[in-house]
file upload_24.csv (CSV, C-alpha atoms)
chain,number,residue,atom,x,y,z
A,204,MET,CA,0.0,0.0,0.0
A,205,ASN,CA,1.3,3.4,-0.9
A,206,VAL,CA,1.3,6.2,1.6
A,207,TYR,CA,0.8,9.7,0.2
A,208,GLN,CA,1.4,12.9,1.9
A,209,ILE,CA,-1.7,15.0,2.5
A,210,GLY,CA,-1.7,17.8,-0.2
A,211,MET,CA,-2.9,21.3,0.0
A,212,VAL,CA,-6.3,21.1,1.8
A,213,ASN,CA,-7.5,24.6,1.1
A,214,ASN,CA,-6.4,27.9,-0.3
A,215,THR,CA,-5.3,29.4,3.0
A,216,ALA,CA,-2.9,26.5,3.6
A,217,ASN,CA,-1.3,26.7,0.2
A,218,THR,CA,0.5,30.0,0.2
A,219,SER,CA,3.9,28.3,0.7
A,220,GLY,CA,3.0,25.7,-2.0
A,221,ALA,CA,2.0,28.4,-4.5
A,222,ALA,CA,5.3,30.2,-3.9
A,223,LYS,CA,7.2,26.9,-4.5
A,224,ALA,CA,5.3,26.3,-7.7
A,225,ALA,CA,6.1,29.7,-9.0
A,226,GLU,CA,9.8,29.1,-8.2
A,227,ASN,CA,9.7,25.9,-10.1
A,228,ASN,CA,8.1,27.6,-13.1
A,229,GLU,CA,11.0,30.1,-13.1
A,230,ASN,CA,13.6,27.4,-13.0
A,231,SER,CA,12.1,25.3,-15.8
A,232,SER,CA,13.0,26.9,-19.1
A,233,PHE,CA,11.1,26.8,-22.3
A,234,LYS,CA,13.5,24.1,-23.5
A,235,ASP,CA,12.6,21.9,-20.6
A,236,LEU,CA,8.9,22.4,-21.4
A,237,ILE,CA,9.4,21.4,-25.0
A,238,MET,CA,11.5,18.4,-24.0
A,239,ASP,CA,8.9,17.2,-21.5
A,240,ALA,CA,6.2,17.4,-24.2
A,241,LEU,CA,8.4,15.6,-26.7
A,242,ASN,CA,9.1,12.9,-24.2
A,243,ASN,CA,5.4,12.4,-23.5
A,244,VAL,CA,4.7,12.1,-27.2
A,245,ASN,CA,7.6,9.7,-27.6
A,246,ALA,CA,6.3,7.5,-24.7
A,247,LEU,CA,2.8,7.4,-26.3
A,248,GLU,CA,4.3,6.5,-29.7
A,249,GLN,CA,6.4,3.7,-28.1
A,250,GLU,CA,3.3,2.4,-26.2
A,251,SER,CA,1.4,2.4,-29.5
A,252,ALA,CA,4.1,0.5,-31.3
A,253,LYS,CA,4.4,-2.0,-28.4
A,254,ILE,CA,0.6,-2.7,-28.4
A,255,THR,CA,0.5,-3.0,-32.2
A,256,GLU,CA,3.4,-5.5,-32.0
A,257,ASP,CA,1.7,-7.4,-29.2
A,258,PHE,CA,-1.5,-7.6,-31.3
A,259,ILE,CA,0.4,-8.8,-34.4
A,260,ALA,CA,2.2,-11.4,-32.4
A,261,GLY,CA,-1.1,-12.6,-30.9
A,262,ARG,CA,-0.2,-11.7,-27.3
A,263,THR,CA,-3.4,-9.5,-27.0
A,264,ASP,CA,-6.7,-9.6,-28.9
A,265,ASN,CA,-8.1,-6.3,-27.9
A,266,ILE,CA,-8.5,-4.5,-31.2
A,267,HIS,CA,-9.8,-1.4,-29.6
A,268,SER,CA,-6.8,-0.9,-27.3
A,269,VAL,CA,-4.6,-1.0,-30.4
A,270,MET,CA,-6.7,1.6,-32.1
A,271,ILE,CA,-7.0,3.8,-29.0
A,272,ALA,CA,-3.2,3.7,-28.4
A,273,SER,CA,-2.5,4.8,-32.0
A,274,GLU,CA,-5.1,7.5,-31.8
A,275,LYS,CA,-3.6,8.9,-28.6
A,276,ALA,CA,-0.2,8.9,-30.2
A,277,SER,CA,-1.4,10.6,-33.4
A,278,ILE,CA,-3.3,13.3,-31.5
A,279,SER,CA,-0.4,14.1,-29.3
A,280,LEU,CA,2.0,14.2,-32.2
A,281,GLN,CA,-0.4,16.6,-34.0
A,282,PHE,CA,-0.5,18.7,-30.9
A,283,VAL,CA,3.3,18.9,-30.8
A,284,MET,CA,3.3,19.8,-34.6
A,285,GLU,CA,0.8,22.6,-33.9
A,286,VAL,CA,3.0,24.0,-31.1
A,287,ARG,CA,6.1,23.8,-33.4
A,288,ASN,CA,4.3,25.7,-36.1
A,289,LYS,CA,3.4,28.4,-33.6
A,290,VAL,CA,7.0,28.7,-32.4
A,291,ILE,CA,8.3,28.9,-35.9
A,292,GLU,CA,5.7,31.4,-36.8
A,293,ALA,CA,6.8,33.6,-33.9
A,294,TYR,CA,10.4,33.2,-34.8
A,295,GLN,CA,9.9,34.2,-38.4
A,296,GLU,CA,7.8,37.2,-37.2
A,297,ILE,CA,10.8,38.4,-35.2
A,298,MET,CA,13.3,37.7,-38.0
A,299,ARG,CA,11.2,40.0,-40.3
A,300,MET,CA,11.5,42.8,-37.8
A,301,GLN,CA,13.2,46.0,-39.3
A,302,VAL,CA,16.3,47.1,-37.5
B,1040,MET,CA,-3.5,12.7,-18.2
B,1041,GLY,CA,-6.5,15.0,-18.5
B,1042,LEU,CA,-6.7,15.0,-22.3
B,1043,PHE,CA,-7.1,11.2,-22.6
B,1044,ASN,CA,-9.3,10.7,-19.6
B,1045,SER,CA,-12.5,10.2,-21.7
B,1046,PHE,CA,-10.5,7.9,-24.0
B,1047,ASN,CA,-9.6,5.6,-21.1
B,1048,ILE,CA,-13.2,5.6,-19.8
B,1049,SER,CA,-14.5,4.6,-23.3
B,1050,ALA,CA,-11.7,2.0,-23.5
B,1051,SER,CA,-12.8,0.4,-20.2
B,1052,ALA,CA,-16.4,0.2,-21.5
B,1053,LEU,CA,-15.3,-1.4,-24.8
B,1054,SER,CA,-13.4,-4.1,-22.9
B,1055,ALA,CA,-16.4,-4.6,-20.6
B,1056,GLN,CA,-18.8,-5.0,-23.6
B,1057,ARG,CA,-16.4,-7.4,-25.2
B,1058,LEU,CA,-16.4,-9.6,-22.1
B,1059,ARG,CA,-20.2,-9.5,-22.0
B,1060,MET,CA,-20.2,-10.6,-25.7
B,1061,ASP,CA,-17.8,-13.5,-24.7
B,1062,ILE,CA,-20.2,-14.6,-22.0
B,1063,ILE,CA,-23.2,-14.4,-24.4
B,1064,SER,CA,-21.3,-16.5,-26.9
B,1065,GLN,CA,-20.5,-19.0,-24.2
B,1066,ASN,CA,-24.2,-19.2,-23.3
B,1067,ILE,CA,-25.3,-19.7,-26.9
B,1068,ALA,CA,-22.6,-22.3,-27.5
B,1069,ASN,CA,-23.8,-24.3,-24.5
B,1070,VAL,CA,-27.5,-24.1,-25.2
B,1071,ASN,CA,-27.7,-27.9,-25.4
B,1072,THR,CA,-25.0,-28.9,-22.9
B,1073,THR,CA,-26.6,-31.3,-20.5
B,1074,ARG,CA,-23.3,-32.3,-18.8
B,1075,THR,CA,-20.7,-30.1,-17.2
B,1076,GLU,CA,-17.8,-31.0,-14.9
B,1077,ASP,CA,-20.0,-31.2,-11.8
B,1078,GLY,CA,-22.6,-33.4,-13.6
B,1079,THR,CA,-25.4,-30.8,-13.8
B,1080,PRO,CA,-26.6,-29.2,-17.0
B,1081,TYR,CA,-24.9,-25.9,-18.0
B,1082,ARG,CA,-26.1,-22.8,-16.1
B,1083,ARG,CA,-26.5,-19.5,-17.9
B,1084,LYS,CA,-23.8,-17.0,-16.9
B,1085,VAL,CA,-24.4,-13.2,-16.4
B,1086,VAL,CA,-21.7,-10.5,-16.2
B,1087,LEU,CA,-22.0,-7.9,-13.4
B,1088,PHE,CA,-20.6,-4.4,-14.0
B,1089,GLN,CA,-19.5,-1.9,-11.5
B,1090,GLU,CA,-18.5,1.7,-11.7
B,1091,LYS,CA,-14.7,2.1,-11.6
B,1092,LYS,CA,-13.3,4.7,-9.3
B,1093,GLU,CA,-9.9,6.1,-9.6
B,1094,ALA,CA,-7.4,4.7,-7.1
B,1095,ALA,CA,-7.0,8.2,-5.6
B,1096,PRO,CA,-5.4,8.5,-2.2
B,1097,PHE,CA,-7.5,10.0,0.5
B,1098,SER,CA,-5.5,13.2,0.5
B,1099,GLN,CA,-6.5,13.8,-3.2
B,1100,TYR,CA,-10.2,13.3,-2.4
B,1101,LEU,CA,-9.9,15.7,0.5
B,1102,SER,CA,-8.1,18.4,-1.6
B,1103,GLU,CA,-10.4,18.0,-4.6
B,1104,GLU,CA,-13.5,18.2,-2.4
B,1105,SER,CA,-12.3,21.3,-0.5
B,1106,ARG,CA,-11.8,23.1,-3.8
B,1107,ASN,CA,-15.3,22.1,-5.0
B,1108,ARG,CA,-13.8,19.9,-7.8
B,1109,TYR,CA,-15.0,16.4,-8.3
B,1110,LEU,CA,-13.3,13.3,-9.5
B,1111,THR,CA,-14.9,12.0,-12.6
B,1112,GLY,CA,-14.3,8.3,-12.0
B,1113,SER,CA,-12.6,6.1,-14.6
B,1114,GLY,CA,-15.1,4.1,-16.4
B,1115,VAL,CA,-16.6,0.7,-15.7
B,1116,ARG,CA,-15.1,-2.6,-14.5
B,1117,VAL,CA,-16.4,-6.1,-14.3
B,1118,SER,CA,-17.2,-7.0,-10.7
B,1119,GLY,CA,-18.0,-10.7,-11.4
B,1120,ILE,CA,-19.5,-13.4,-13.5
B,1121,VAL,CA,-22.4,-15.1,-11.8
B,1122,GLU,CA,-24.6,-18.0,-12.7
B,1123,ASP,CA,-28.3,-17.5,-13.3
B,1124,PRO,CA,-30.3,-19.4,-10.6
B,1125,THR,CA,-33.5,-20.0,-12.6
B,1126,PRO,CA,-34.5,-23.7,-12.8
B,1127,PHE,CA,-33.4,-25.9,-15.7
B,1128,LYS,CA,-35.8,-26.7,-18.5
B,1129,GLU,CA,-37.2,-30.2,-18.4
B,1130,VAL,CA,-37.6,-32.0,-21.7
B,1131,TYR,CA,-39.1,-35.5,-22.3
B,1132,ASP,CA,-36.6,-37.5,-24.4
B,1133,PRO,CA,-36.1,-41.1,-23.2
B,1134,SER,CA,-33.4,-41.8,-25.9
B,1135,HIS,CA,-31.1,-39.2,-24.4
B,1136,PRO,CA,-28.2,-40.7,-22.4
B,1137,ASP,CA,-28.7,-38.1,-19.7
B,1138,ALA,CA,-32.4,-38.9,-19.3
B,1139,ASP,CA,-33.6,-40.0,-15.8
B,1140,GLU,CA,-35.8,-43.1,-15.2
B,1141,ASN,CA,-38.9,-41.2,-16.3
B,1142,GLY,CA,-37.3,-40.1,-19.6
B,1143,ILE,CA,-36.9,-36.5,-18.5
B,1144,VAL,CA,-33.7,-34.6,-19.5
B,1145,ARG,CA,-32.8,-31.5,-17.7
B,1146,MET,CA,-31.7,-28.9,-20.3
B,1147,PRO,CA,-29.7,-25.7,-19.6
B,1148,ASN,CA,-31.6,-22.6,-18.5
B,1149,VAL,CA,-30.3,-20.7,-21.6
B,1150,GLU,CA,-33.1,-18.9,-23.5
B,1151,ILE,CA,-31.8,-18.4,-27.0
B,1152,VAL,CA,-34.1,-15.4,-27.6
B,1153,THR,CA,-32.9,-13.6,-24.5
B,1154,GLU,CA,-29.3,-14.2,-25.5
B,1155,MET,CA,-29.9,-12.8,-29.0
B,1156,VAL,CA,-31.5,-9.6,-27.5
B,1157,ASN,CA,-28.5,-9.3,-25.1
B,1158,MET,CA,-26.2,-9.7,-28.0
B,1159,ILE,CA,-27.8,-6.9,-29.9
B,1160,SER,CA,-27.7,-4.8,-26.7
B,1161,ALA,CA,-23.9,-5.5,-26.3
B,1162,THR,CA,-23.2,-4.7,-29.9
B,1163,ARG,CA,-25.1,-1.4,-29.7
B,1164,ALA,CA,-23.4,-0.5,-26.4
B,1165,TYR,CA,-20.0,-1.1,-28.0
B,1166,GLU,CA,-21.0,1.1,-30.9
B,1167,ALA,CA,-22.2,3.8,-28.6
B,1168,ASN,CA,-18.8,3.8,-26.8
B,1169,VAL,CA,-17.0,4.0,-30.1
B,1170,THR,CA,-19.1,7.0,-31.0
B,1171,ALA,CA,-18.3,8.6,-27.7
B,1172,LEU,CA,-14.7,8.0,-28.3
B,1173,ASN,CA,-14.8,9.5,-31.8
B,1174,ALA,CA,-16.7,12.5,-30.3
B,1175,SER,CA,-13.9,13.1,-27.8
B,1176,LYS,CA,-11.3,12.7,-30.5
B,1177,SER,CA,-13.0,15.3,-32.7
B,1178,MET,CA,-13.2,17.6,-29.7
B,1179,ALA,CA,-9.4,17.3,-29.3
B,1180,MET,CA,-8.9,17.8,-33.1
B,1181,LYS,CA,-11.1,20.9,-33.0
B,1182,ALA,CA,-9.0,22.3,-30.2
B,1183,LEU,CA,-5.9,22.0,-32.4
B,1184,GLU,CA,-7.7,24.2,-34.9
B,1185,ILE,CA,-7.9,27.1,-32.4
B,1186,GLY,CA,-6.2,30.2,-33.9
B,1187,ARG,CA,-5.6,28.7,-37.3

call {"tool": "encode", "arguments": {"input": "upload_24.csv", "output": "structure tokens"}}
result
Amino acid sequence: MNVYQIGMVNNTANTSGAAKAAENNENSSFKDLIMDALNNVNALEQESAKITEDFIAGRTDNIHSVMIASEKASISLQFVMEVRNKVIEAYQEIMRMQV
Amino acid sequence: MGLFNSFNISASALSAQRLRMDIISQNIANVNTTRTEDGTPYRRKVVLFQEKKEAAPFSQYLSEESRNRYLTGSGVRVSGIVEDPTPFKEVYDPSHPDADENGIVRMPNVEIVTEMVNMISATRAYEANVTALNASKSMAMKALEIGR
């Protein structure tokens, strides 16, 4: 059995927690954020590949779990592509700036 | 992960309906089985479903409740497969090897019409869950179109 610590119970008790969260946000750079997202997508892709392989090898017979895993992977990949497009758009906007 | 919560809920329902379908197939397959391992005719089996709660620790319940947020639950789970206690059908067939001295054979309590109706219901429930899944997928895809 896992024992968890009791989290923030109400808003009055969470001032120190909020301060800590803000500090964390300052420390984590944009790069870390992107890397986190990429790692998540990579994990989903790998899970999808593993489930597909299991299905082909006959270790599982749940067709829907294969389909759902690949859908999850494809949606998160598209999300990352969307974010990338936004970033590049912003970068190009800045590069076009007159100096 | 919040985005895929509804996916996981629908996935659990799809698995549950598939198990229900398995049990219905087993009932139909054994509609004439007069002998099982314990010597009695086959008894119809029924699947029991239960709401699946997240395995959230107490502290999470406490903090979610105190902020007026609620846990959505995480789909459905099978709590058990039970046998239908209705009496066996009795058929007069003296030529049957399992007939008693009066020529009565006890047949399984499987009603093929009921099983067919349950089968349609399981298929439709599966379809409904696939539809729900597609709806949540199209919501996610629409969200990606924001600002395009």

call {"tool": "closest_residue", "arguments": {"input": "upload_24.csv", "among": "A:Met270, A:Val302, A:Ile297, A:Ile291", "to": "chain B", "atoms": "all atoms listed in the file"}}
result
A:Met270

call {"tool": "interface_residues", "arguments": {"input": "upload_24.csv", "of": "chain B", "to": "chain A", "cutoff": "12 Å", "atoms": "only C-alpha atoms", "output": "number ranges by chain"}}
result
B: 1040, 1042-1058, 1094-1108, 1165-1166, 1168-1169, 1172-1173, 1175-1187

call {"tool": "atom_distance", "arguments": {"input": "upload_24.csv", "atom1": "atom CA of Ile1067 of chain B", "atom2": "atom CA of Val1085 of chain B"}}
result
12.4 Å

call {"tool": "closest_residue", "arguments": {"input": "upload_24.csv", "among": "B:Ile1151, B:Val1156, B:Ala1138, B:Val1130", "to": "Asn1069 of chain B", "atoms": "only C-alpha atoms"}}
result
B:Ile1151

call {"tool": "residues_around", "arguments": {"input": "upload_24.csv", "residues": "Asp1137 of chain B", "least_positions_apart": "5", "cutoff": "12 Å", "atoms": "all atoms listed in the file", "output": "ChimeraX atom specification"}}
result
/B:1071-1075,1078-1080,1129-1132,1142-1146

call {"tool": "residues_around", "arguments": {"input": "upload_24.csv", "residues": "segment 250-259 of chain A", "least_positions_apart": "2", "cutoff": "6 Å", "atoms": "all atoms listed in the file", "output": "JSON, numbers by chain"}}
result
{"A": [247, 248, 261, 262, 263, 269, 272, 273]}

call {"tool": "atom_distance", "arguments": {"input": "upload_24.csv", "atom1": "atom CA of Val1152 of chain B", "atom2": "atom CA of Asp1061 of chain B"}}
result
16.7 Å

call {"tool": "atom_distance", "arguments": {"input": "upload_24.csv", "atom1": "atom CA of Asn1066 of chain B", "atom2": "atom CA of Arg1083 of chain B"}}
result
5.9 Å

call {"tool": "residues_near_point", "arguments": {"input": "upload_24.csv", "point": "(-27.5, -23.2, -14.0)", "cutoff": "8 Å", "atoms": "all atoms listed in the file", "output": "PDB file with C-alpha atoms, in the frame of the given file"}}
result
ATOM      1  CA  THR B1079     -25.400 -30.800 -13.800  1.00  0.00           C
ATOM      2  CA  PRO B1080     -26.600 -29.200 -17.000  1.00  0.00           C
ATOM      3  CA  TYR B1081     -24.900 -25.900 -18.000  1.00  0.00           C
ATOM      4  CA  ARG B1082     -26.100 -22.800 -16.100  1.00  0.00           C
ATOM      5  CA  ARG B1083     -26.500 -19.500 -17.900  1.00  0.00           C
ATOM      6  CA  LYS B1084     -23.800 -17.000 -16.900  1.00  0.00           C
ATOM      7  CA  GLU B1122     -24.600 -18.000 -12.700  1.00  0.00           C
ATOM      8  CA  ASP B1123     -28.300 -17.500 -13.300  1.00  0.00           C
ATOM      9  CA  PRO B1124     -30.300 -19.400 -10.600  1.00  0.00           C
ATOM     10  CA  THR B1125     -33.500 -20.000 -12.600  1.00  0.00           C
ATOM     11  CA  PRO B1126     -34.500 -23.700 -12.800  1.00  0.00           C
ATOM     12  CA  PHE B1127     -33.400 -25.900 -15.700  1.00  0.00           C
ATOM     13  CA  PRO B1147     -29.700 -25.700 -19.600  1.00  0.00           C
ATOM     14  CA  ASN B1148     -31.600 -22.600 -18.500  1.00  0.00           C
TER      15      ASN B1148
END

call {"tool": "closest_residue", "arguments": {"input": "upload_24.csv", "among": "B:Val1070, B:Lys1092, B:Arg1059, B:Ala1171", "to": "Met1158 of chain B", "atoms": "all atoms listed in the file"}}
result
B:Arg1059

call {"tool": "residues_near_point", "arguments": {"input": "upload_24.csv", "point": "(6.2, 13.0, -27.8)", "cutoff": "10 Å", "atoms": "all atoms listed in the file", "output": "ChimeraX atom specification"}}
result
/A:237-249,276-277,279-283
